[in-house]
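Input: a single structure, listed below in structure tokens.
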Amino acid sequence: MNALRPDAVVSDAQLERYRENGYVVVEDVFGSQDIQRMHEVLAELVAGARGRCENDSLYDLEASHTPDQPRVRRIKNPYRHHPAFAEMARHPRLIAALTRLIGPDLRLHGSKINLKSADYGAAVEWHQDWAFYPHTNDDLLAVGVMLDDMTEDNGPLLVIPGSHRGPTYDHHQDGRFVGAIDPANCDVDWSRAAKVTGKAGSCSFHHVRAIHGSSQNTSGKDRHLLLYEVSAGDAWDMLGMREANWQEYLESMLAGAPSLEPRQVPAPIRLPLPTAEREGSIYENQSVLKNRFFES
Ligand SMILES: O=C(O)CCC(=O)C(=O)O
């Protein structure tokens with residue numbers, strides 16, 4: 001049982017901000033030793049990209065990557081590659097925060113580390129996670145564990161406040177899923193974008209329907225962000241169990257219990273079909289975009 005009271009980690013004001021804006025930052029979820037450990041493990045994983053030529057189930061490589069000068073854009077599902085990341089997903093302070101924001105039954109359905117390295121780390125075009133994995137209800141969010149300070153100038157996460165209560169936007173181009181909203185062909189006021197910043201060890205939590213993205217990191221400072229995608233135990237993926245089997249499904253519960261009675265709420269859904277021309281990661285999906293918002 002989780003000994004921490006959820007309201008000791010996420011205050012009433014923070015919960016209210018999450019509900020109102022669709023995102024919130026909570027400081028000091030992880031301590032400096034946790035962050036140091038994750039950096040060490042991440043450095044080992046990144047070192048393994050030397051000599052690689054192509055993306056695979058672990059690495060998503062920057063366009064400027066070469067086997068001699070490795071540049072990793074993303075580590076895919078880090079918790080499947082090192083136990084430290086599975087352990088951190090169950091950190092008592094994180095579980096307490098998630099319990100406050102989603103409820104006691106919590107499932108981890110995906111994870112990644114977007115490295116956004118100093119000087120070149122790639123942009124992520126505007127999108128809603130909901131467009132990638134619509135569920136029977138929208139009690140889902142992405143946690144962004146700040147492994148480095150996320151500042152105004154190292155390509156912080158950007159969120160359109162309140163957009164989690166709005167429509168689900170078209171994420172298609174020429175009839176295929178591309179994992180991005182066409183910035184020139186929608187009614188979103190991009191000038192309202194808020195920068196999500198915080199010290200290493202803080203976590204951002206953004207609602208699955210919130211519109212978000214981020215620019216390239218042209219600063220001299222890394223912005224390593226570990227993302228955990230978490231759903232309520234009774235939210236079921238509209239596209240089924242995807243690659244998981246029942247046993248993996250059970251093992252992906254972070255707290256509480258799964259439910260065989262999906263809770264349904266009215267929420268606007270668009271399916272990510274037909275699948276993207278380039279699969280493997282959001283960066284690959286978006287690589288074919290004709291209209292971009294962020295410079296690359
Ligand atoms: O790393 C970022 O700034 C954006 C993360 C994101 O939205 C994603 O990878 O889906």
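Labeling convention for the structure tokens: chains A, B, ... as they appear, residues from 1 per chain, ligands from 1 in order of appearance.
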Could you list, as number ranges by chain, all the residues within 8 Å of ligand 1, counting only C-alpha atoms and all ligand atoms?
A: 112-116, 123-124, 126-129, 155-158, 212-215, 225, 227, 282-283
Write out as a PyMOL selection string the residues lying within 12 Å of Val208 of chain A, counting only C-alpha atoms and excluding same-chain residues fewer than 2 positions away.
chain A and resi 18+22-23+102+127-135+137-143+159+162-166+168+205-206+210-212+228-232+267+269
Next, write the just-selected residues to a file, as an mmCIF file, in the first residue's frame, keeping C-alpha atoms as the atom set.
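File result_20.cif, as written:
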data_model
loop_
_atom_site.group_PDB
_atom_site.id
_atom_site.type_symbol
_atom_site.label_atom_id
_atom_site.label_comp_id
_atom_site.auth_asym_id
_atom_site.auth_seq_id
_atom_site.Cartn_x
_atom_site.Cartn_y
_atom_site.Cartn_z
ATOM 1 C CA TYR A 18 -4.551 20.417 -13.878
ATOM 2 C CA GLY A 22 -4.871 20.327 -18.723
ATOM 3 C CA TYR A 23 -1.361 20.311 -17.286
ATOM 4 C CA ILE A 102 -6.371 9.909 -12.195
ATOM 5 C CA HIS A 127 -0.387 17.009 -31.412
ATOM 6 C CA GLN A 128 -2.769 15.414 -28.910
ATOM 7 C CA ASP A 129 -1.741 12.041 -27.480
ATOM 8 C CA TRP A 130 -5.432 11.107 -27.666
ATOM 9 C CA ALA A 131 -5.147 11.049 -31.461
ATOM 10 C CA PHE A 132 -2.560 8.237 -31.143
ATOM 11 C CA TYR A 133 -4.353 6.104 -28.572
ATOM 12 C CA PRO A 134 -8.028 6.930 -27.992
ATOM 13 C CA HIS A 135 -9.520 5.022 -25.058
ATOM 14 C CA ASN A 137 -12.514 7.249 -21.274
ATOM 15 C CA ASP A 138 -10.005 10.090 -21.175
ATOM 16 C CA ASP A 139 -8.544 9.601 -17.697
ATOM 17 C CA LEU A 140 -5.086 9.327 -19.174
ATOM 18 C CA LEU A 141 -2.064 11.564 -18.965
ATOM 19 C CA ALA A 142 1.632 11.709 -19.740
ATOM 20 C CA VAL A 143 4.102 12.311 -16.942
ATOM 21 C CA VAL A 159 0.945 23.223 -23.970
ATOM 22 C CA GLY A 162 -7.560 24.359 -21.704
ATOM 23 C CA SER A 163 -7.247 22.490 -25.013
ATOM 24 C CA HIS A 164 -7.973 19.180 -23.230
ATOM 25 C CA ARG A 165 -11.604 20.299 -23.046
ATOM 26 C CA GLY A 166 -11.823 21.084 -26.774
ATOM 27 C CA THR A 168 -9.858 16.270 -31.115
ATOM 28 C CA PHE A 205 1.551 15.987 -16.053
ATOM 29 C CA HIS A 206 -0.368 16.699 -19.237
ATOM 30 C CA ALA A 210 -4.083 18.583 -24.304
ATOM 31 C CA ILE A 211 -2.453 20.011 -27.435
ATOM 32 C CA HIS A 212 1.306 20.094 -26.974
ATOM 33 C CA TYR A 228 5.430 7.747 -18.777
ATOM 34 C CA GLU A 229 1.982 7.377 -20.338
ATOM 35 C CA VAL A 230 -0.519 6.335 -17.687
ATOM 36 C CA SER A 231 -4.197 5.435 -17.893
ATOM 37 C CA ALA A 232 -6.977 4.701 -15.429
ATOM 38 C CA ALA A 267 -15.184 12.297 -25.737
ATOM 39 C CA ILE A 269 -12.476 10.380 -31.007
#
DSSP on the backbone: what in segment 37-204 of chain A comes out strand (DSSP E or B), as an NGL selection string?
:A and (59-61 or 72-76 or 106-114 or 124-127 or 135 or 140-146 or 150 or 157-159 or 172-173 or 176-177 or 194-196 or 198 or 203-204)
List the neighbours of segment 193-201 of chain A out to 8 Å using only C-alpha atoms; skip same-chain residues closer than 6 positions along the sequence, and give me the result as number ranges by chain.
A: 25, 27-32, 35, 145-152, 156-161
Using only C-alpha atoms, which of the listed residues (A:Asp170, A:Glu277, A:Asp105, A:Glu44) sits closest to Ala257 of chain A?
A:Asp105
Pairwise distance, atom CA of Gly121 of chain A with atom CA of Ile75 of chain A, equals 13.1 Å
Atom CA of Arg192 of chain A and atom CA of Ser219 of chain A are how many Å apart?
22.7 Å
Please return, as a ChimeraX atom specification, all residues of segment 5-115 of chain A that DSSP assigns to alpha helix (DSSP H) on the basis of the backbone.
/A:6-9,12-21,32-47,78-81,83-89,92-101
Taking C-alpha atoms for each residue, export the selection above as an mmCIF file, in the first residue's frame.
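As written to disk, selection-v2.cif reads:
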data_model
loop_
_atom_site.group_PDB
_atom_site.id
_atom_site.type_symbol
_atom_site.label_atom_id
_atom_site.label_comp_id
_atom_site.auth_asym_id
_atom_site.auth_seq_id
_atom_site.Cartn_x
_atom_site.Cartn_y
_atom_site.Cartn_z
ATOM 1 C CA PRO A 6 -1.904 11.849 -2.499
ATOM 2 C CA ASP A 7 -2.778 15.376 -1.309
ATOM 3 C CA ALA A 8 0.640 15.631 0.338
ATOM 4 C CA VAL A 9 2.205 15.495 -3.131
ATOM 5 C CA ASP A 12 -5.732 21.268 -4.072
ATOM 6 C CA ALA A 13 -4.460 24.255 -6.076
ATOM 7 C CA GLN A 14 -2.329 21.996 -8.308
ATOM 8 C CA LEU A 15 -5.245 19.620 -8.882
ATOM 9 C CA GLU A 16 -7.414 22.588 -9.814
ATOM 10 C CA ARG A 17 -4.741 23.855 -12.245
ATOM 11 C CA TYR A 18 -4.551 20.417 -13.878
ATOM 12 C CA ARG A 19 -8.316 20.304 -14.316
ATOM 13 C CA GLU A 20 -8.493 23.871 -15.620
ATOM 14 C CA ASN A 21 -5.423 23.998 -17.875
ATOM 15 C CA SER A 32 18.638 13.950 -6.636
ATOM 16 C CA GLN A 33 19.800 10.335 -6.154
ATOM 17 C CA ASP A 34 16.950 9.027 -8.322
ATOM 18 C CA ILE A 35 17.818 11.553 -11.015
ATOM 19 C CA GLN A 36 21.507 10.686 -10.863
ATOM 20 C CA ARG A 37 20.729 6.975 -11.184
ATOM 21 C CA MET A 38 18.484 7.558 -14.192
ATOM 22 C CA HIS A 39 21.192 9.690 -15.822
ATOM 23 C CA GLU A 40 23.743 6.911 -15.317
ATOM 24 C CA VAL A 41 21.483 4.264 -16.814
ATOM 25 C CA LEU A 42 20.526 6.570 -19.662
ATOM 26 C CA ALA A 43 24.203 7.237 -20.443
ATOM 27 C CA GLU A 44 24.774 3.449 -20.701
ATOM 28 C CA LEU A 45 21.836 3.057 -23.056
ATOM 29 C CA VAL A 46 22.918 6.005 -25.201
ATOM 30 C CA ALA A 47 26.472 4.646 -25.426
ATOM 31 C CA PRO A 78 13.124 2.398 -21.406
ATOM 32 C CA TYR A 79 11.399 0.344 -18.676
ATOM 33 C CA ARG A 80 11.613 -2.700 -20.950
ATOM 34 C CA HIS A 81 15.368 -2.206 -21.332
ATOM 35 C CA PRO A 83 14.754 -2.189 -14.456
ATOM 36 C CA ALA A 84 15.581 1.276 -13.071
ATOM 37 C CA PHE A 85 12.920 2.821 -15.284
ATOM 38 C CA ALA A 86 10.316 0.215 -14.274
ATOM 39 C CA GLU A 87 11.154 0.923 -10.632
ATOM 40 C CA MET A 88 10.912 4.700 -11.065
ATOM 41 C CA ALA A 89 7.440 4.331 -12.594
ATOM 42 C CA PRO A 92 5.743 6.212 -4.146
ATOM 43 C CA ARG A 93 5.667 9.966 -4.773
ATOM 44 C CA LEU A 94 4.793 9.447 -8.430
ATOM 45 C CA ILE A 95 2.051 6.957 -7.555
ATOM 46 C CA ALA A 96 0.667 9.412 -5.003
ATOM 47 C CA ALA A 97 0.580 12.190 -7.624
ATOM 48 C CA LEU A 98 -1.052 9.932 -10.214
ATOM 49 C CA THR A 99 -3.626 8.726 -7.700
ATOM 50 C CA ARG A 100 -4.613 12.322 -7.095
ATOM 51 C CA LEU A 101 -4.871 13.153 -10.813
#
Please provide the set of residues having any atom within 10 Å of Ala49 of chain A, restricted to only C-alpha atoms, with same-chain residues fewer than 2 positions apart removed, written as a PDB file with C-alpha atoms, in the first residue's frame.
ATOM      1  CA  GLU A  44      24.774   3.449 -20.701  1.00  0.00           C
ATOM      2  CA  LEU A  45      21.836   3.057 -23.056  1.00  0.00           C
ATOM      3  CA  VAL A  46      22.918   6.005 -25.201  1.00  0.00           C
ATOM      4  CA  ALA A  47      26.472   4.646 -25.426  1.00  0.00           C
ATOM      5  CA  GLY A  51      27.901   1.775 -34.424  1.00  0.00           C
ATOM      6  CA  ARG A  52      24.147   1.667 -35.120  1.00  0.00           C
ATOM      7  CA  CYS A  53      22.844   2.669 -38.515  1.00  0.00           C
ATOM      8  CA  GLU A  54      19.099   2.435 -38.097  1.00  0.00           C
ATOM      9  CA  ASN A  55      16.209   2.949 -35.710  1.00  0.00           C
ATOM     10  CA  LEU A  58      15.259   0.724 -28.496  1.00  0.00           C
ATOM     11  CA  TYR A  59      16.692   3.684 -30.411  1.00  0.00           C
ATOM     12  CA  ASP A  60      15.184   6.457 -32.426  1.00  0.00           C
ATOM     13  CA  LEU A  61      18.098   8.327 -33.972  1.00  0.00           C
ATOM     14  CA  HIS A  65      23.182  10.624 -36.371  1.00  0.00           C
ATOM     15  CA  THR A  66      26.135   8.678 -37.747  1.00  0.00           C
ATOM     16  CA  PRO A  67      27.503   5.367 -36.381  1.00  0.00           C
ATOM     17  CA  ASP A  68      30.720   7.204 -35.311  1.00  0.00           C
ATOM     18  CA  GLN A  69      28.993  10.260 -33.876  1.00  0.00           C
ATOM     19  CA  PRO A  70      25.872   8.851 -32.278  1.00  0.00           C
ATOM     20  CA  ARG A  71      22.931  11.178 -31.772  1.00  0.00           C
ATOM     21  CA  VAL A  72      19.963   9.582 -30.047  1.00  0.00           C
TER      22      VAL A  72
END
Select, from A:Val288, A:Ile181, A:Leu239, A:Ala122, the residue with the minimum atom-to-atom distance to His224 of chain A, counting only C-alpha atoms.
A:Ala122
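Summary of the local environment: counting only C-alpha atoms, residues at most 12 Å from Glu261 of chain A, other than itself and those fewer than 3 positions away along its chain, are Thr136, Asn137, Gly233, Asp234, Ala235, Trp236, Ala257, Pro258 and Gln264 of chain A.
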So which one's closest to Gly144 of chain A, A:Arg278, A:Arg292, A:Arg209, A:Arg223? Using only C-alpha atoms, please.
A:Arg223
